[in-house]
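Undergrad: Sending over a structure as structure tokens; questions will come in a sec.
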Amino acid sequence: MPEIGSNASTGWTPDQPMVSIKDVYKSFGELEVLKGVSMDIMKGECVCIIGPSGSGKSTLIRCVNALNDIQSGSITVEGQEVNAPGLNKLDLRKKVGMVFQQYNLFPHKTALQNIMMAPLHVLKQDEGEVEERARQLVKKVRLEGKENSYPGELSGGQQQRVAIARSLAMNPDVMLFDEVTAALDPETVKEVLVTIQDLAEEGMTCILVTHEMGFAREVANHIYFTDRGIIVEHGTPATFFDDAKDPRTKEFLSQIL
Amino acid sequence: MEFFADYFRELYEATGWNFVIFYEQYEYDRFLEGMWVSIKLIFASLLFSLVVGFVGAWAQGAKSRIVRYGISGYIQLFRNTPPFVQILFFYFVLGNLTPSYDAGGYQVAYIESFGWAVISLGFFAGAFNVEIFRSGIEAVPESTVEAAEALGYTRLKSYIYIIFPLAFRVCLPALNNNLVNLLKTTTLAYGIAVPEMMYTANQIWSDNVNVSEMMIVLFVFYVGLVAILVYGMHKWEKKMKIPGYG
Amino acid sequence: MTINSASHANNKAQTDLPVLLPIARQSQQSAMIERHEGTYRLNMQPRHIAWALVLFALACGAAQAAAQPEMLGPMQALFKWMEFILWGPEGELTGFALNLVISFFAMMLGTVAGAALGLMQVSLLLPVRQGSWVVTQFFRNSPWLVLLFTIMLLVPFEVDLGFVVIPVPDWIKAVIGFSLPVMANISEVVRGAVISLPSGQWESAESLAFTRRQTMWMIILPQCFKRMIPPWINWYCILAMATPLCSIMGVEESVTFTAQALNAEGDRPELIPVFYSFLLVIHFIYTYPIARWSIRLEKKFTVKT
């Protein structure tokens with residue numbers, strides 16, 4: 001009998017890394033953005049990737065979700081190779097959920113409809129069940145009463161929470177967050193971070209690209225610092241923030257902290 | 001219906017206002033034919049202009065520079081020249097070039113005046129539609145499209161459920177403007193002898209010498225149609241409005 | 001799952017994170033402006049003439065290829081007839097020149113009548129306002145050809161004033177016919193300009209004891225004047241492009257003469273595209289500088305306000 005949570009088709013088991021990135025190179029035409037990045041993320045870990053702009057962090061997590069392709073190296077999610085030519089993207093997207101920085105929601109649908117859309121259209125699930133689950137997710141992100149509001153009527157923080165609920169509706173195993181609080185007002189940043197923290201504490205594997213150092217220190221299991229396409233340093237929050245070794249890391253931390 | 005016929009007959013006898021189309025079957029049929037051709041013309045050119053707009057908007061994003069410049073040139077030519085001369089150009093110039101078949105002694109063209117009117121008006125309104133559709137598509141942010149992709153939507157599905165509905169809601173006011181304009185412009189088809197309403201009205205008043213009455217009927221039809229359209233458009237736009245966007 | 005639109009009355013809050021790109025709002029606003037002004041803005045660029053000329057050149061080239069050696073080549077035929085199409089036979093002002101004359105007079109008549117109608121639309125008297133609104137909407141929404149027909153058929157060909165009989169030639173009827181829709185559209189332009197001024201203008205004038213007439217003529221209209229000019233010029237360009245319609249009624253303008261010229265040349269099919277694209281080109285060349293001037297004026301006016 002297969003272990004619970006293992007992937008029979010790829011032979012992945014939970015003692016192996018959930019997301020495994022090995023030696024990834026990515027260029028946009030002439031410009032090389034990722035120059036040999038490797039990391040392993042175990043199930044249930046919450047990982048933060050920080051670094052200056054242009055260091056390739058957004059590109060990296062977009063590659064995990066097959067939104068960008070990679071020139072060489074390998075990325076596997078639950079044992080499934082993301083860069084494989086015959087990859088069924090739908091299978092990947094069922095496992096990996098992503099939340100973007102802005103223009104996230106579909107403006108012509110209400111919050112509830114936004115959450116329900118993908119399970120209905122993509123997974124073709126039953127409408128009654130989908131609606132039930134959607135309402136639970138709305139409660140979970142603390143937006144009860146806003147089900148019938150349109151995105152244009154919600155604040156930035158509320159929009160992002162709906163976006164998180166929408167990705168959760170697909171029941172992913174990994175959640176990717178691409179600078180989700182960067183475009184928000186400082187007051188609304190906290191409500192989004194609290195939601196992500198709840199998710200992490202429930203055991204969801206999370207990969208966040210973020211500038212929120214306080215959040216990283218408190219919630220992350222592991223922090224990676226990227227600069228100019230490579231991972232300069234990584235470690236647990238304690239060692240990373242208090243005991244950074246690389247001079248670049250120290251310089252970056254001194255600028256932002 | 002007999003009631004109406006009697007009423008108008010009496011009106012004629014009493015006042016001299018000769019609304020002959022309402023009480024004489026022959027004229028009534030003639031006029032209805034003309035009205036039907038007008039309505040077909042409007043629908044057909046509208047549909048064709050939507051197709052042209054759709055294809056053109058898609059072609060404007062093409063990789064080939066020739067295609068892009070070609071579409072841009074077509075738009076500018078059709079926007080900035082008289083629509084009446086465009087219709088004449090299509091009918092006389094292209095009409096001469098199309099093949100015809102032998103219908104027992106005389107040549108019948110494959111595309112007659114009605115067809116050329118539809119094509120010309122369709123390209124005229126289509127020129128505006130290309131820009132309208134383009135702005136609608138460009139209004140949908142890249143990030144929203146990617147969010148759809150991240151949820152597992154295929155390209156086709158994201159077009160159907162997300163990109164197209166959004167682009168359409170953004171385009172709708174401009175599209176409605178174009179529609180009303182097109183409606184008024186379809187009367188130009190008279191110039192190439194399309195048997196639409198004005199042409200038929202012309203025949204009727206030549207026979208019955210009731211120019212003013214026929215003119216009144218024409219005005220009532222066109223102004224009434226535009227009024228209905230504007231009202232319907234207003235309602236539709238209100239329904240399709242995205243609450244609180246932008 | 002239906003959403004009651006009434007529920008949005010409470011959710012009027014605007015978001016602090018936009019949900020569509022700015023071009024969405026711009027496109028809707030420009031659609032509303034166009035709806036209000038009654039037509040699209042001509043947006044002519046220098047490179048657009050290139051397309052009209054390309055078409056013309058292609059037509060000539062094709063005709064040259066198709067022509068027989070003993071017949072007139074297309075360019076020669078065009079040169080032979082060009083003067084006729086442009087200004088008609090000696091001693092008359094017809095052809096394309098008549099198009100321009102009709103457009104001038106129709107614009108003048110339409111502007112005067114339209115300004116009056118527009119001011120009536122902002123009158124304080126309800127029947128005046130409503131009456132002028134009906135007239136404006138009626139003429140705005142009627143097809144131009146139907147109006148033209150009506151005037152041409154119903155206006156008598158001469159007016160008998162008892163002591164003198166004034167003949168009304170066809171082109172005058174065409175002027176009247178074209179001036180009606182122009183009047184309605186200018187009326188909307190004027191009304192729009194007047195109500196676009198902030199109410200503070202009216203209020204401060206009133207508190208200085210200006211009468212309504214003084215307010216209108218000394219304060220409101222001078223400010224509106226600049227805003228009205230670009231749409232006014234735009235309407236002139238649209239009108240100039242609509243004047244070929246009167247060829248249907250037999251008025252001797254450029255399209256009529258083109259048809260006659262082609263007829264005289266024996267209806268040779270290869271000449272048709274040459275002559276008709278020539279028509280497109282001259283209309284474009286006439287309208288282009290005017291449309292550009294309107295854009296320049298608009299830029300000049302918006303900087304200050």
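Labels for the structure tokens follow display order: chains A, B, ..., residues from 1 in each chain, ligands from 1.
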Write out as a PyMOL selection string every residue belonging to chain C that has an atom at most 8 Å from any atom of chain B, counting only C-alpha atoms.

TA: chain C and resi 8+12-15+18-25+27-28+31-32+34-35+39+42-44+48+51-52+138+141-146+150+153-154+241-242+244-245+248+255+269+272-273+276-277+279-280+283-284

Undergrad: Can I get the selection written as a PDB file, in the first residue's frame, with C-alpha atoms?

TA:
```pdb
ATOM      1  CA  HIS C   8     -23.602  47.244  -5.126  1.00  0.00           C
ATOM      2  CA  LYS C  12     -19.370  51.793  -3.807  1.00  0.00           C
ATOM      3  CA  ALA C  13     -15.892  51.776  -2.291  1.00  0.00           C
ATOM      4  CA  GLN C  14     -13.228  52.158  -4.894  1.00  0.00           C
ATOM      5  CA  THR C  15     -10.345  49.763  -4.557  1.00  0.00           C
ATOM      6  CA  PRO C  18      -6.451  48.657  -9.680  1.00  0.00           C
ATOM      7  CA  VAL C  19      -7.984  45.645 -11.388  1.00  0.00           C
ATOM      8  CA  LEU C  20      -7.505  46.686 -15.026  1.00  0.00           C
ATOM      9  CA  LEU C  21      -4.788  48.573 -16.855  1.00  0.00           C
ATOM     10  CA  PRO C  22      -5.285  52.360 -17.254  1.00  0.00           C
ATOM     11  CA  ILE C  23      -5.985  51.919 -20.952  1.00  0.00           C
ATOM     12  CA  ALA C  24      -9.340  50.398 -20.009  1.00  0.00           C
ATOM     13  CA  ARG C  25     -10.518  53.585 -18.380  1.00  0.00           C
ATOM     14  CA  SER C  27     -10.779  53.711 -23.842  1.00  0.00           C
ATOM     15  CA  GLN C  28     -14.129  54.018 -22.103  1.00  0.00           C
ATOM     16  CA  ALA C  31     -15.846  56.273 -26.248  1.00  0.00           C
ATOM     17  CA  MET C  32     -18.023  58.519 -24.090  1.00  0.00           C
ATOM     18  CA  GLU C  34     -17.089  60.331 -29.084  1.00  0.00           C
ATOM     19  CA  ARG C  35     -20.648  59.467 -28.200  1.00  0.00           C
ATOM     20  CA  THR C  39     -18.648  61.078 -34.295  1.00  0.00           C
ATOM     21  CA  LEU C  42     -10.263  61.984 -37.570  1.00  0.00           C
ATOM     22  CA  ASN C  43      -6.712  61.212 -36.681  1.00  0.00           C
ATOM     23  CA  MET C  44      -4.716  61.805 -39.805  1.00  0.00           C
ATOM     24  CA  HIS C  48      -1.676  57.929 -44.109  1.00  0.00           C
ATOM     25  CA  TRP C  51      -1.497  54.712 -48.329  1.00  0.00           C
ATOM     26  CA  ALA C  52      -3.914  56.692 -50.457  1.00  0.00           C
ATOM     27  CA  PHE C 138     -34.105  63.985 -34.367  1.00  0.00           C
ATOM     28  CA  ASN C 141     -30.055  60.347 -35.418  1.00  0.00           C
ATOM     29  CA  SER C 142     -31.362  60.584 -38.963  1.00  0.00           C
ATOM     30  CA  PRO C 143     -29.260  59.232 -41.787  1.00  0.00           C
ATOM     31  CA  TRP C 144     -27.734  62.077 -43.786  1.00  0.00           C
ATOM     32  CA  LEU C 145     -28.951  60.710 -47.089  1.00  0.00           C
ATOM     33  CA  VAL C 146     -32.570  60.634 -45.961  1.00  0.00           C
ATOM     34  CA  THR C 150     -36.173  65.158 -48.055  1.00  0.00           C
ATOM     35  CA  LEU C 153     -37.481  66.771 -53.048  1.00  0.00           C
ATOM     36  CA  LEU C 154     -39.600  68.958 -50.837  1.00  0.00           C
ATOM     37  CA  MET C 241     -16.210  63.859 -46.787  1.00  0.00           C
ATOM     38  CA  ALA C 242     -19.987  63.491 -46.870  1.00  0.00           C
ATOM     39  CA  PRO C 244     -20.213  63.356 -52.456  1.00  0.00           C
ATOM     40  CA  LEU C 245     -23.626  62.094 -51.351  1.00  0.00           C
ATOM     41  CA  ILE C 248     -26.961  60.793 -56.071  1.00  0.00           C
ATOM     42  CA  VAL C 255     -18.383  62.141 -58.274  1.00  0.00           C
ATOM     43  CA  PRO C 269     -12.742  49.062 -66.999  1.00  0.00           C
ATOM     44  CA  ILE C 272     -12.250  53.011 -63.238  1.00  0.00           C
ATOM     45  CA  PRO C 273      -9.843  52.305 -60.373  1.00  0.00           C
ATOM     46  CA  TYR C 276     -11.987  56.549 -58.246  1.00  0.00           C
ATOM     47  CA  SER C 277      -8.746  56.316 -56.337  1.00  0.00           C
ATOM     48  CA  LEU C 279     -11.232  60.867 -55.937  1.00  0.00           C
ATOM     49  CA  LEU C 280     -10.145  59.239 -52.677  1.00  0.00           C
ATOM     50  CA  HIS C 283     -10.608  64.157 -50.680  1.00  0.00           C
ATOM     51  CA  PHE C 284      -7.840  62.974 -48.397  1.00  0.00           C
TER      52      PHE C 284
END
```

Undergrad: Please provide as an NGL selection string all residues within 12 Å of Ala183 (chain A), with the sequence filter that same-chain residues fewer than 6 positions apart are discarded (counting only C-alpha atoms).

TA: (:A and (100-104 or 155-157 or 159-160 or 189 or 192 or 210-211)) or (:C and (16-18))

Undergrad: Would you list, as a PyMOL selection string, the residues of region 42-200 of chain A that end up in strand (DSSP E or B) under DSSP run on this structure's backbone?

TA: chain A and resi 46-50+72-77+80-81+96-99+174-178

Undergrad: Rounded to one decimal, what separation in Å do you get between CA of Val47 (chain A) and CA of His222 (chain A)?

TA: 5.0 Å

Undergrad: Could you pull the residues within 12 Å of Gln158 (chain A), counting only C-alpha atoms, minus those fewer than 2 positions along the same chain, as a ChimeraX atom specification?

TA: /A:102,104-105,111,138,141-147,149-156,160-165,180-181,184-185,187-193,195 /C:15-17

Undergrad: Keeping only N, CA and C atoms, write the selected residues as a tab-separated table (two decimals), in the first residue's frame.

TA:
```tsv
chain	number	residue	atom	x	y	z
A	102	GLN	N	-0.06	41.83	-8.51
A	102	GLN	CA	-1.27	42.62	-8.74
A	102	GLN	C	-1.95	42.17	-10.02
A	104	ASN	N	-4.49	40.41	-10.08
A	104	ASN	CA	-4.54	38.99	-9.77
A	104	ASN	C	-5.90	38.39	-10.05
A	105	LEU	N	-6.93	39.12	-9.63
A	105	LEU	CA	-8.28	38.56	-9.71
A	105	LEU	C	-8.92	38.88	-11.06
A	111	ALA	N	-16.05	37.84	-5.82
A	111	ALA	CA	-15.01	37.11	-5.07
A	111	ALA	C	-15.32	35.62	-5.06
A	138	VAL	N	-13.57	31.26	1.90
A	138	VAL	CA	-13.80	32.68	2.20
A	138	VAL	C	-13.73	32.91	3.70
A	141	VAL	N	-10.03	32.78	4.91
A	141	VAL	CA	-9.21	34.00	4.72
A	141	VAL	C	-9.87	35.21	5.36
A	142	ARG	N	-10.89	34.98	6.16
A	142	ARG	CA	-11.54	36.03	6.95
A	142	ARG	C	-12.16	37.11	6.09
A	143	LEU	N	-12.91	36.69	5.09
A	143	LEU	CA	-13.59	37.67	4.26
A	143	LEU	C	-15.08	37.39	4.18
A	144	GLU	N	-15.64	36.89	5.26
A	144	GLU	CA	-17.07	36.63	5.25
A	144	GLU	C	-17.82	37.93	5.01
A	145	GLY	N	-18.87	37.85	4.21
A	145	GLY	CA	-19.64	39.04	3.90
A	145	GLY	C	-19.19	39.70	2.60
A	146	LYS	N	-18.03	39.32	2.10
A	146	LYS	CA	-17.53	39.91	0.87
A	146	LYS	C	-17.66	38.97	-0.32
A	147	GLU	N	-18.44	37.89	-0.15
A	147	GLU	CA	-18.50	36.91	-1.24
A	147	GLU	C	-19.00	37.53	-2.52
A	149	SER	N	-18.89	40.65	-3.49
A	149	SER	CA	-18.25	41.89	-3.94
A	149	SER	C	-17.37	41.60	-5.14
A	150	TYR	N	-17.28	42.59	-6.00
A	150	TYR	CA	-16.38	42.47	-7.13
A	150	TYR	C	-14.99	42.96	-6.72
A	151	PRO	N	-13.94	42.47	-7.39
A	151	PRO	CA	-12.59	42.89	-7.03
A	151	PRO	C	-12.41	44.41	-7.00
A	152	GLY	N	-13.11	45.12	-7.90
A	152	GLY	CA	-12.99	46.57	-7.91
A	152	GLY	C	-13.53	47.23	-6.67
A	153	GLU	N	-14.27	46.47	-5.88
A	153	GLU	CA	-14.84	47.02	-4.66
A	153	GLU	C	-14.08	46.58	-3.42
A	154	LEU	N	-13.06	45.78	-3.59
A	154	LEU	CA	-12.30	45.28	-2.45
A	154	LEU	C	-10.98	46.02	-2.34
A	155	SER	N	-10.49	46.15	-1.13
A	155	SER	CA	-9.19	46.78	-0.96
A	155	SER	C	-8.11	45.82	-1.46
A	156	GLY	N	-6.87	46.33	-1.58
A	156	GLY	CA	-5.78	45.50	-2.09
A	156	GLY	C	-5.57	44.25	-1.26
A	160	GLN	N	-5.97	40.30	-2.42
A	160	GLN	CA	-4.93	39.27	-2.34
A	160	GLN	C	-5.41	38.08	-1.53
A	161	ARG	N	-6.22	38.31	-0.51
A	161	ARG	CA	-6.72	37.17	0.27
A	161	ARG	C	-7.67	36.33	-0.57
A	162	VAL	N	-8.48	37.00	-1.39
A	162	VAL	CA	-9.33	36.23	-2.30
A	162	VAL	C	-8.46	35.43	-3.26
A	163	ALA	N	-7.36	36.04	-3.71
A	163	ALA	CA	-6.47	35.34	-4.64
A	163	ALA	C	-5.87	34.11	-3.98
A	164	ILE	N	-5.54	34.24	-2.70
A	164	ILE	CA	-5.00	33.08	-1.98
A	164	ILE	C	-6.07	32.00	-1.89
A	165	ALA	N	-7.28	32.41	-1.53
A	165	ALA	CA	-8.36	31.43	-1.44
A	165	ALA	C	-8.61	30.75	-2.77
A	180	VAL	N	3.65	39.26	-3.05
A	180	VAL	CA	2.23	39.53	-3.02
A	180	VAL	C	1.86	40.78	-2.23
A	181	THR	N	2.76	41.27	-1.38
A	181	THR	CA	2.40	42.45	-0.62
A	181	THR	C	3.08	43.71	-1.14
A	184	LEU	N	0.84	46.73	-2.04
A	184	LEU	CA	-0.22	47.08	-1.10
A	184	LEU	C	0.18	48.22	-0.18
A	185	ASP	N	-0.86	48.89	0.33
A	185	ASP	CA	-0.62	49.88	1.38
A	185	ASP	C	-0.12	49.19	2.64
A	187	GLU	N	-0.92	49.35	5.66
A	187	GLU	CA	-1.94	48.87	6.61
A	187	GLU	C	-2.50	47.53	6.19
A	188	THR	N	-2.62	47.30	4.90
A	188	THR	CA	-3.25	46.06	4.46
A	188	THR	C	-2.25	44.93	4.30
A	189	VAL	N	-0.96	45.24	4.36
A	189	VAL	CA	0.04	44.18	4.21
A	189	VAL	C	-0.13	43.13	5.29
A	190	LYS	N	-0.42	43.60	6.52
A	190	LYS	CA	-0.44	42.67	7.66
A	190	LYS	C	-1.51	41.61	7.50
A	191	GLU	N	-2.71	42.03	7.02
A	191	GLU	CA	-3.80	41.05	6.95
A	191	GLU	C	-3.43	39.92	5.98
A	192	VAL	N	-2.70	40.26	4.92
A	192	VAL	CA	-2.29	39.21	3.98
A	192	VAL	C	-1.24	38.31	4.62
A	193	LEU	N	-0.30	38.91	5.32
A	193	LEU	CA	0.77	38.11	5.93
A	193	LEU	C	0.21	37.17	6.98
A	195	THR	N	-2.68	35.78	6.94
A	195	THR	CA	-3.29	34.66	6.20
A	195	THR	C	-2.23	33.66	5.76
C	15	THR	N	-11.47	50.52	-5.08
C	15	THR	CA	-10.35	49.76	-4.56
C	15	THR	C	-9.08	50.60	-4.57
C	16	ASP	N	-8.11	50.22	-3.72
C	16	ASP	CA	-6.83	50.91	-3.75
C	16	ASP	C	-5.82	50.15	-4.60
C	17	LEU	N	-6.25	49.02	-5.16
C	17	LEU	CA	-5.38	48.26	-6.05
C	17	LEU	C	-6.13	48.08	-7.35
```
